[in-house]
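Next comes upload.cif, with mmCIF, C-alpha atoms.
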```cif
data_entry
#
loop_
_atom_site.group_PDB
_atom_site.id
_atom_site.type_symbol
_atom_site.label_atom_id
_atom_site.label_comp_id
_atom_site.auth_asym_id
_atom_site.auth_seq_id
_atom_site.Cartn_x
_atom_site.Cartn_y
_atom_site.Cartn_z
ATOM 1 C CA MET S 818 -2.030 9.558 12.069
ATOM 2 C CA THR S 819 -4.734 11.486 10.217
ATOM 3 C CA ILE S 820 -3.981 13.305 6.944
ATOM 4 C CA ASP S 821 -6.661 15.265 5.078
ATOM 5 C CA GLY S 822 -9.358 13.523 7.127
ATOM 6 C CA VAL S 823 -8.071 9.986 6.379
ATOM 7 C CA ASP S 824 -7.039 7.901 9.404
ATOM 8 C CA TYR S 825 -3.896 5.862 8.709
ATOM 9 C CA ALA S 826 -4.026 3.635 11.779
ATOM 10 C CA GLY S 827 -2.486 0.247 11.147
ATOM 11 C CA VAL S 828 0.349 1.338 8.842
ATOM 12 C CA GLU S 829 3.391 -0.880 9.270
ATOM 13 C CA ALA S 830 6.675 0.573 7.962
ATOM 14 C CA ARG S 831 10.176 -0.845 7.704
ATOM 15 C CA LEU S 832 13.321 0.867 6.433
ATOM 16 C CA ASP S 833 14.894 -1.717 4.107
ATOM 17 C CA ARG S 834 18.002 0.058 2.837
ATOM 18 C CA VAL S 835 19.634 3.407 2.124
ATOM 19 C CA GLN S 836 21.336 3.987 -1.238
ATOM 20 C CA GLY S 837 22.859 7.454 -1.489
ATOM 21 C CA ALA S 838 19.979 9.949 -1.391
ATOM 22 C CA ASN S 839 17.392 7.161 -1.826
ATOM 23 C CA VAL S 840 15.753 4.986 0.798
ATOM 24 C CA TRP S 841 13.759 1.800 0.294
ATOM 25 C CA ILE S 842 10.790 1.497 2.643
ATOM 26 C CA SER S 843 8.336 -1.385 2.925
ATOM 27 C CA LEU S 844 4.841 -0.285 3.946
ATOM 28 C CA GLY S 845 1.899 -2.416 4.921
ATOM 29 C CA LEU S 846 -1.603 -0.940 4.751
ATOM 30 C CA ARG S 847 -4.843 -2.596 5.734
ATOM 31 C CA GLU S 848 -6.566 -0.764 2.897
ATOM 32 C CA GLY S 849 -5.656 2.007 0.509
ATOM 33 C CA LYS S 850 -4.163 2.867 -2.828
ATOM 34 C CA ASN S 851 -0.828 4.061 -4.201
ATOM 35 C CA ARG S 852 -2.017 7.671 -3.915
ATOM 36 C CA GLU S 853 -2.460 7.198 -0.176
ATOM 37 C CA VAL S 854 1.034 5.746 0.224
ATOM 38 C CA LYS S 855 2.430 8.772 -1.620
ATOM 39 C CA LYS S 856 0.406 11.198 0.552
ATOM 40 C CA LEU S 857 1.558 9.490 3.739
ATOM 41 C CA LEU S 858 5.246 9.587 2.802
ATOM 42 C CA GLU S 859 5.107 13.180 1.525
ATOM 43 C CA TYR S 860 3.443 14.212 4.792
ATOM 44 C CA LEU S 861 6.511 12.782 6.551
ATOM 45 C CA GLY S 862 8.779 14.872 4.303
ATOM 46 C CA LEU S 863 9.822 12.106 1.890
ATOM 47 C CA ALA S 864 9.611 12.639 -1.882
ATOM 48 C CA VAL S 865 8.285 9.576 -3.716
ATOM 49 C CA ASN S 866 10.124 8.576 -6.895
ATOM 50 C CA ARG S 867 8.523 5.197 -7.545
ATOM 51 C CA LEU S 868 6.074 2.817 -5.912
ATOM 52 C CA ILE S 869 6.334 -0.939 -6.320
ATOM 53 C CA ARG S 870 3.335 -3.053 -5.297
ATOM 54 C CA SER S 871 4.194 -6.450 -3.840
ATOM 55 C CA PRO S 872 1.682 -9.293 -3.620
ATOM 56 C CA THR S 873 0.790 -10.485 -0.159
ATOM 57 C CA GLY S 874 -1.500 -13.158 1.150
ATOM 58 C CA ARG S 875 -3.552 -15.314 -1.190
ATOM 59 C CA PHE S 876 -4.277 -12.646 -3.810
ATOM 60 C CA SER S 877 -2.145 -11.111 -6.533
ATOM 61 C CA LEU S 878 -3.675 -7.973 -8.044
ATOM 62 C CA ALA S 879 -1.228 -7.956 -10.963
ATOM 63 C CA ARG S 880 -3.084 -10.725 -12.795
ATOM 64 C CA TRP S 881 -6.516 -9.085 -12.574
ATOM 65 C CA PRO S 882 -7.668 -6.774 -15.373
ATOM 66 C CA LYS S 883 -7.928 -3.081 -14.489
ATOM 67 C CA ALA S 884 -11.294 -2.154 -12.903
ATOM 68 C CA TRP S 885 -12.220 -5.847 -12.562
ATOM 69 C CA SER S 886 -14.098 -6.941 -9.465
ATOM 70 C CA ARG S 887 -16.016 -9.847 -8.015
ATOM 71 C CA LYS S 888 -17.910 -10.492 -4.830
ATOM 72 C CA SER S 889 -15.923 -12.316 -2.158
ATOM 73 C CA ALA S 890 -17.311 -15.174 -0.118
ATOM 74 C CA PRO S 891 -18.175 -14.535 3.554
ATOM 75 C CA GLY S 892 -15.123 -15.143 5.746
ATOM 76 C CA CYS S 893 -12.724 -14.768 2.801
ATOM 77 C CA PHE S 894 -10.968 -11.822 4.460
ATOM 78 C CA PRO S 895 -10.163 -11.699 8.174
ATOM 79 C CA SER S 896 -12.051 -9.059 10.128
ATOM 80 C CA ASN S 897 -10.264 -6.419 12.219
#
```

Write the structure described by the file as structure tokens, please.
Amino acid sequence: MTIDGVDYAGVEARLDRVQGANVWISLGLREGKNREVKKLLEYLGLAVNRLIRSPTGRFSLARWPKAWSRKSAPGCFPSN
């Protein structure tokens, strides 16, 4: 799926539960940001009330300071 020139190949989605007018969806992206998740869901006709980021793999972004970065070692991330 391509939205506004951005290709969203590799998005994995799972409907977790329905609570009244709300649905809980788990999404897996290979790369992206919360804005892109919101754009993707709104394109599908779903209004986004709240996004919750879950850690996955070896890294947890919650403990890193905002705008912090470091160079990763070769082979640290699997290639596509």

### Query
Which of these, S:Pro891, S:Lys883, S:Leu832, S:Leu846, has the shortest distance to Ser871 in chain S once you count all atoms listed in the file?
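Using all atoms listed in the file, the shortest distance to Ser871 in chain S belongs to S:Leu846.
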
### Query
CA of Ala830 in chain S to CA of Leu844 in chain S: how many Å, to one decimal?
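Straight-line distance from CA of Ala830 in chain S to CA of Leu844 in chain S works out to 4.5 Å.
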
### Query
How far is it from CA of Ile820 in chain S to CA of Val835 in chain S, in Å with one decimal?
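That distance, rounded to one decimal, is 26.1 Å.
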
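Computed from the coordinates, the CA of Ile869 in chain S to CA of Lys855 in chain S distance equals 11.5 Å.
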
### Task
Could you list the residues chosen by the PyMOL selection byres ((chain S and resi 839) around 10) in this structure as a ChimeraX atom specification?
/S:834-838,840-842,863-866

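Picked by the PyMOL selection byres ((chain S and resi 825) around 12) from the coordinates shown: Met818, Thr819, Ile820, Asp821, Gly822, Val823, Asp824, Ala826, Gly827, Val828, Glu829, Ala830, Leu844, Gly845, Leu846, Arg847, Glu848, Gly849, Lys850, Glu853, Val854, Lys856, Leu857, Leu858 and Tyr860 of chain S.
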